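Please read the structure below before turning to the comments.
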There are 2 protein chains.
Amino acid sequence: MSAYAAPLKDMRFVLNELAGLAEVAKLSGYEDASPDTVDAILEEASKFASEVLDPINYSGDQEGSNWSNGEVRTPKGFREAYRQFCEGGWNALPFEAQWGGQGLPKLVSTPVQEMWKSSNMSFSLCPLLTQGAIEALLLRGSEPLKKAYVPKMVEGKWTGTMNLTEPQAGSDLSLVRTKAERSGDHYLISGQKIFITYGEHDLAENIVHLVLARTPDAPEGVKGISLFVVPKLIPNADGTPGKRNPARCASIEHKLGIHASPTAVMVYEKAVGYLVGEENRGLEYMFIMMNAARFAVGLEGVAIAERAFQRALAFAKERLQGRDLVDGRTVPIIRHPDVRRMLMLMKSQTEAMRALAYTTAASLDFAHKHADKEERKRQQAFAELMIPVVKGWSTETGIDVASLGVQVHGGMGFVEETGAAQYLRDARITTIYEGTTGIQAMDLVGRKIARDGGATAKAWLSALKSFDAELAKSGNPDIKSLRAQLAQGAQAVSDCVDFIVGTKDQRAAFSGAVPFLKLMGIAAGGWQMARAALISERKLSSKDGDLSFYEAKIATARFYGEHVLVQASGLRDTVVKGGPGVMGLSDEQFLAA
Amino acid sequence: MSAYAAPLKDMRFVLNELAGLAEVAKLSGYEDASPDTVDAILEEASKFASEVLDPINYSGDQEGSNWSNGEVRTPKGFREAYRQFCEGGWNALPFEAQWGGQGLPKLVSTPVQEMWKSSNMSFSLCPLLTQGAIEALLLRGSEPLKKAYVPKMVEGKWTGTMNLTEPQAGSDLSLVRTKAERSGDHYLISGQKIFITYGEHDLAENIVHLVLARTPDAPEGVKGISLFVVPKLIPNADGTPGKRNPARCASIEHKLGIHASPTAVMVYEKAVGYLVGEENRGLEYMFIMMNAARFAVGLEGVAIAERAFQRALAFAKERLQGRDLVDGRTVPIIRHPDVRRMLMLMKSQTEAMRALAYTTAASLDFAHKHADKEERKRQQAFAELMIPVVKGWSTETGIDVASLGVQVHGGMGFVEETGAAQYLRDARITTIYEGTTGIQAMDLVGRKIARDGGATAKAWLSALKSFDAELAKSGNPDIKSLRAQLAQGAQAVSDCVDFIVGTKDQRAAFSGAVPFLKLMGIAAGGWQMARAALISERKLSSKDGDLSFYEAKIATARFYGEHVLVQASGLRDTVVKGGPGVMGLSDEQFLAA
């Protein structure tokens, strides 16, 4: 099996040329993100991903995590890898210096996290969930809570979980039933939570569950849900882990993928919990964190696509089969047009998704730290517009790319030993958790477009129009072709935004929400590829840097236009005209047989 | 878990209204296929599928087939099911009466086989492979060979396999190395074969391997491959199974799906084999059978899509989650527009694929038995044009539909116990075996379009044009919408056919082969849906039959136009313009990192 190697060239290109790392590093507090420091971090992370995480990815999948009597044993090598991960300071990377972190911008932690996800998605979920829990605590936790939990979690000695789902409450959290009864300075939590990633495991000395529950007098629905910290071992006064809390792992799921990541059923039986923030505002806190979590899952789509591409590429270069169409010799299958088409689809979409994700990360940094308030607002609005796209489009495309990876392998792809199938199985969760693609699309259409009357989307479309004028100056035929496709894509988005803002039929708007999300992703990815092509053209004309890389970038961008962006008009028609057809049948006319 | 129920209403509609069962039943030799007989067969098959095969599908997947010391044990219940299958005469159904079969047209065995594939794809592969082996023997086997093997195989007492692939010879069979040395009245076969479906198992008393191998003096490449019968147990003079042949199952694969179907590595060590037909013509014989095998795998796409739809539908009707957009009540998720969109995508594409597959089956019957030679030729050409489409498009779409089935389930879809994930895993092989989608697409572009200068495709397009005139007469707004989409689709196909026939750049033609195949499928499916809509409109106006079914058919057809056919123009642009982009990078520019 081919080993993972971080795509450092493309990562650096996107960081420096598309996402504006130099500008981000000028923001107050991010001065440490100098080119040298960032380079060193990427190199080290790349080594860790290749040497420590990638080698236990397949074996971890095959062995899986195992439950026995309430305890969970992670696969061979995971404990040692996690120890090294924490020792190397990787767990602390995304956090502020005051909590033991490195205070780096999101733009820098993003490529690093891509590497963890590419090399071992199951492993990466543990620090990801810890990160989410830390953010919740930092956001609304009391000072004593923060002091008791955050430093240990930043260090990685304790890990975190998010307990939202219950059997009857998945996408619809208004149906949460877990109870929280006040008892002195704390609460007693009782109920069952399912789908709890790393809800139980053997990597750390303690697990900090963040649990959504209802107090007895809470209002019905989403406005009666509170957020609690429920530690597996209740900390002693000196901060060491103490008494076992009755927060029990009843079982773990038998899943399609991410076998090494234990997905727990948690049972709370009057477990000691501490309120985070105020009562009844738990869902609101969750929603504040949601952007970060959704972005992170979107990045999983990018990461799995990258890994699937690398494996398929290695196979296509080695596997001799069939004859060259022109000279008739037996050739590696990469020489066959259809295999090349598949590899180009994998490569071009992965690059487009990466560019959009990193650019969105930079926007979040600007939104957080820019000196100018209006600019912060503008950047925040842009990031919020793009996050459901990064989440929904990158994960849907990640599955497609992983499936192409299987296809490139032919029969070997269906055999688990090859490793290609694992990426498809692992990727399949990403369009579901942290909000399904349908939920992302409703967020995009309802909250991000309709709510501001399309203003943020139109601001982006007007930036696309100015950019088109820049593209028009290029005489490069590849860029000309791409420009035409991008203009069609932008027009399609514009038509859909007008439709969404203009329609009074909410069902019709939501009927086309997922096709619209895909269109947004395809168009935004095309925009990034066109930016990349234009920059590459300049680099080539000034003979600056790795010319073969820039030539490849332009050719890849052109391919993206003709094979991906080309779908835009069809998607527009589906969004604008296809609503009534979605609701055309009665429930009774949906017959199984 | 919801049980499988054969979609008898839609099957009957397609058989009678679209595929012309009444006309097929008039063909000489098919007189038994009267409406009553066919109904009875469908009812019985439906029962067998629901009561015997469906209940062991999930358990069979979980247990898998197990190899030990050269023997393979199929999962619990498979032996008994196979016994009942043979006793019920189902194994014999597709064969001529003289060999113990029922002599029914392909149009009748097609829905029956869809049921086996829907209810238990792993199980269905055993009779499918037996059928292929029987056909090879009937086609070119000597009389003694036929007499010794065919009746037992039709009865199901012995099963068959196809041994093509070797580690270095997958899509490219010119690389086959297995040797066959003459030894008296037989040959001694030596070599290794991989990916042999049901190469070893415990369902039957004997296994009949059809093996591609080379004689010592055979020419290089595809023109030096011969076909041999290699029985597991060499028949005695009285026909009973005798001495064990050194045809050994060395292991079975650990696969993504179809776990119950054992995929064997076979090792032949001077195993006794009997030549089928003449030396060096083995590949030619295989190619004659290929159409049947490819059609059968295409039908697997239809079948898995149907089953995935049924399961998702049952879940969507039961699962309460979220509030209705209009009245605000908690509703089953089928009421949410995006869930409905997914179900409609599943339903409409399944129906379109079924209609195309059955219509193609009818063409094969006409091609086989029609009194008029020209008509036979015309029907054969049409079927040959459509078979790579049925194979490639239905299997690619089958995977998409199975993946949508997982998505409808949300988090539950990722948990294996739900059963939705199995369909996705099982479906994933269908675009690979019997020729990958790329191979189908090259067959379509090269052999079926370019070779006759586009004549067969243009004949179909001209039939589409006449049909458009019929559609134009309808005042139904759903049919009007569909007509516009179908016209765009037909134009897109026409543009691509012109491009394929006109281009001198074979690489460019093959670069767009898969997008063209998808376009053909989408357009041909749209044609069938439009035919169905028009017939339904007539039935409605004459108030004839199940009016709700006909209303649903029209609404489903309209949805198909706006959500599926709508992709046609984009695919055309990819085919016609996208070729250069596919070959735009050098091998060296494909970098892993």
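Ordering of the structure tokens sets the chain letters (A, B, ...), residue numbers begin anew at 1 in every chain, and ligands are numbered from 1 in the order given.
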
Proximal residues of chain A relative to chain B (only C-alpha atoms; 7 Å) as a VMD selection string: chain A and resid 5 to 9 172 253 to 256 310 321 to 322 325 337 to 338 340 to 341 344 407 410 to 411 414 to 416 421 429 432 to 433 436 438 507 510 to 511 548 552 555 558 to 559 562 to 563 566 to 567 570 574 577 to 578 581 to 582 584 to 585 589 592 to 593

Nearby residues (only C-alpha atoms) at most 12 Å from B:Cys86, same-chain spacing under 6 positions excluded, as a PyMOL selection string: chain B and resi 48+79-80+92-93+100-101+126-127+152-159+203-204

Only N, CA, C and O atoms, please: the residues just picked out, written as a tab-separated table (two decimals), in the first residue's frame.
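Saved file out.tsv follows:
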chain	number	residue	atom	x	y	z
B	48	PHE	N	-41.31	-16.27	-3.01
B	48	PHE	CA	-40.02	-16.92	-2.71
B	48	PHE	C	-38.98	-15.88	-2.30
B	48	PHE	O	-38.24	-16.05	-1.34
B	79	ARG	N	-27.93	-23.07	2.28
B	79	ARG	CA	-28.08	-24.42	1.71
B	79	ARG	C	-29.55	-24.76	1.53
B	79	ARG	O	-29.98	-25.23	0.48
B	80	GLU	N	-30.29	-24.49	2.58
B	80	GLU	CA	-31.72	-24.81	2.55
B	80	GLU	C	-32.44	-23.96	1.49
B	80	GLU	O	-33.29	-24.47	0.74
B	92	ALA	N	-34.11	-23.55	-13.21
B	92	ALA	CA	-34.34	-23.98	-14.59
B	92	ALA	C	-35.10	-22.95	-15.42
B	92	ALA	O	-35.12	-23.02	-16.65
B	93	LEU	N	-35.68	-21.96	-14.76
B	93	LEU	CA	-36.61	-21.03	-15.42
B	93	LEU	C	-36.12	-20.47	-16.75
B	93	LEU	O	-36.86	-20.48	-17.74
B	100	GLY	N	-34.62	-29.14	-19.83
B	100	GLY	CA	-35.27	-29.19	-18.51
B	100	GLY	C	-35.77	-27.84	-18.05
B	100	GLY	O	-36.25	-27.69	-16.93
B	101	GLY	N	-35.62	-26.84	-18.91
B	101	GLY	CA	-36.06	-25.49	-18.54
B	101	GLY	C	-37.50	-25.24	-18.91
B	101	GLY	O	-38.21	-26.15	-19.36
B	126	CYS	N	-25.04	-17.15	-7.51
B	126	CYS	CA	-24.76	-18.56	-7.79
B	126	CYS	C	-25.55	-19.04	-9.01
B	126	CYS	O	-24.95	-19.50	-9.98
B	127	PRO	N	-26.89	-18.89	-9.01
B	127	PRO	CA	-27.60	-19.26	-10.25
B	127	PRO	C	-27.19	-18.42	-11.46
B	127	PRO	O	-27.19	-18.92	-12.59
B	152	LYS	N	-27.75	-31.41	-15.41
B	152	LYS	CA	-27.49	-31.28	-13.96
B	152	LYS	C	-27.40	-29.81	-13.56
B	152	LYS	O	-27.76	-29.45	-12.44
B	153	MET	N	-26.87	-29.02	-14.45
B	153	MET	CA	-26.72	-27.60	-14.12
B	153	MET	C	-28.05	-26.87	-14.21
B	153	MET	O	-28.34	-25.98	-13.41
B	154	VAL	N	-28.88	-27.26	-15.18
B	154	VAL	CA	-30.21	-26.65	-15.27
B	154	VAL	C	-31.02	-27.01	-14.03
B	154	VAL	O	-31.71	-26.16	-13.45
B	155	GLU	N	-30.89	-28.22	-13.60
B	155	GLU	CA	-31.59	-28.68	-12.40
B	155	GLU	C	-31.05	-27.95	-11.16
B	155	GLU	O	-31.76	-27.79	-10.16
B	156	GLY	N	-29.78	-27.56	-11.23
B	156	GLY	CA	-29.15	-26.89	-10.09
B	156	GLY	C	-28.34	-27.82	-9.20
B	156	GLY	O	-27.77	-27.39	-8.21
B	157	LYS	N	-28.30	-29.10	-9.56
B	157	LYS	CA	-27.51	-30.04	-8.75
B	157	LYS	C	-26.03	-29.71	-8.84
B	157	LYS	O	-25.28	-29.95	-7.90
B	158	TRP	N	-25.63	-29.25	-10.00
B	158	TRP	CA	-24.26	-28.76	-10.18
B	158	TRP	C	-24.34	-27.27	-10.50
B	158	TRP	O	-25.26	-26.84	-11.19
B	159	THR	N	-23.36	-26.52	-10.02
B	159	THR	CA	-23.35	-25.09	-10.33
B	159	THR	C	-22.17	-24.77	-11.24
B	159	THR	O	-21.26	-25.59	-11.39
B	203	LEU	N	-23.20	-25.60	-1.61
B	203	LEU	CA	-24.62	-25.63	-1.99
B	203	LEU	C	-24.97	-26.81	-2.89
B	203	LEU	O	-26.11	-27.24	-2.92
B	204	ALA	N	-24.00	-27.29	-3.63
B	204	ALA	CA	-24.31	-28.28	-4.67
B	204	ALA	C	-23.29	-29.41	-4.63
B	204	ALA	O	-22.21	-29.26	-4.05

DSSP strand (DSSP E or B) selection over stretch 39-147 of chain B, as a ChimeraX atom specification: /B:66-68,71-73

Counting only C-alpha atoms, the option among B:His209, B:Tyr187, B:Ile134, B:Arg354 closest to B:Pro111: B:Arg354

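Using only C-alpha atoms, the shortest contact distance between B:Ala484 and any of B:Tyr423, B:Gly526, B:Asp32, B:Asp365 is found at B:Gly526.
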
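Between atom CA of A:Leu137 and atom CA of A:Glu434 the separation is 18.7 Å.
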
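Counting only C-alpha atoms, the residue from B:Glu71, B:Asp546, B:Glu114, B:Glu375 that sits nearest to B:Ala264 is B:Glu71.
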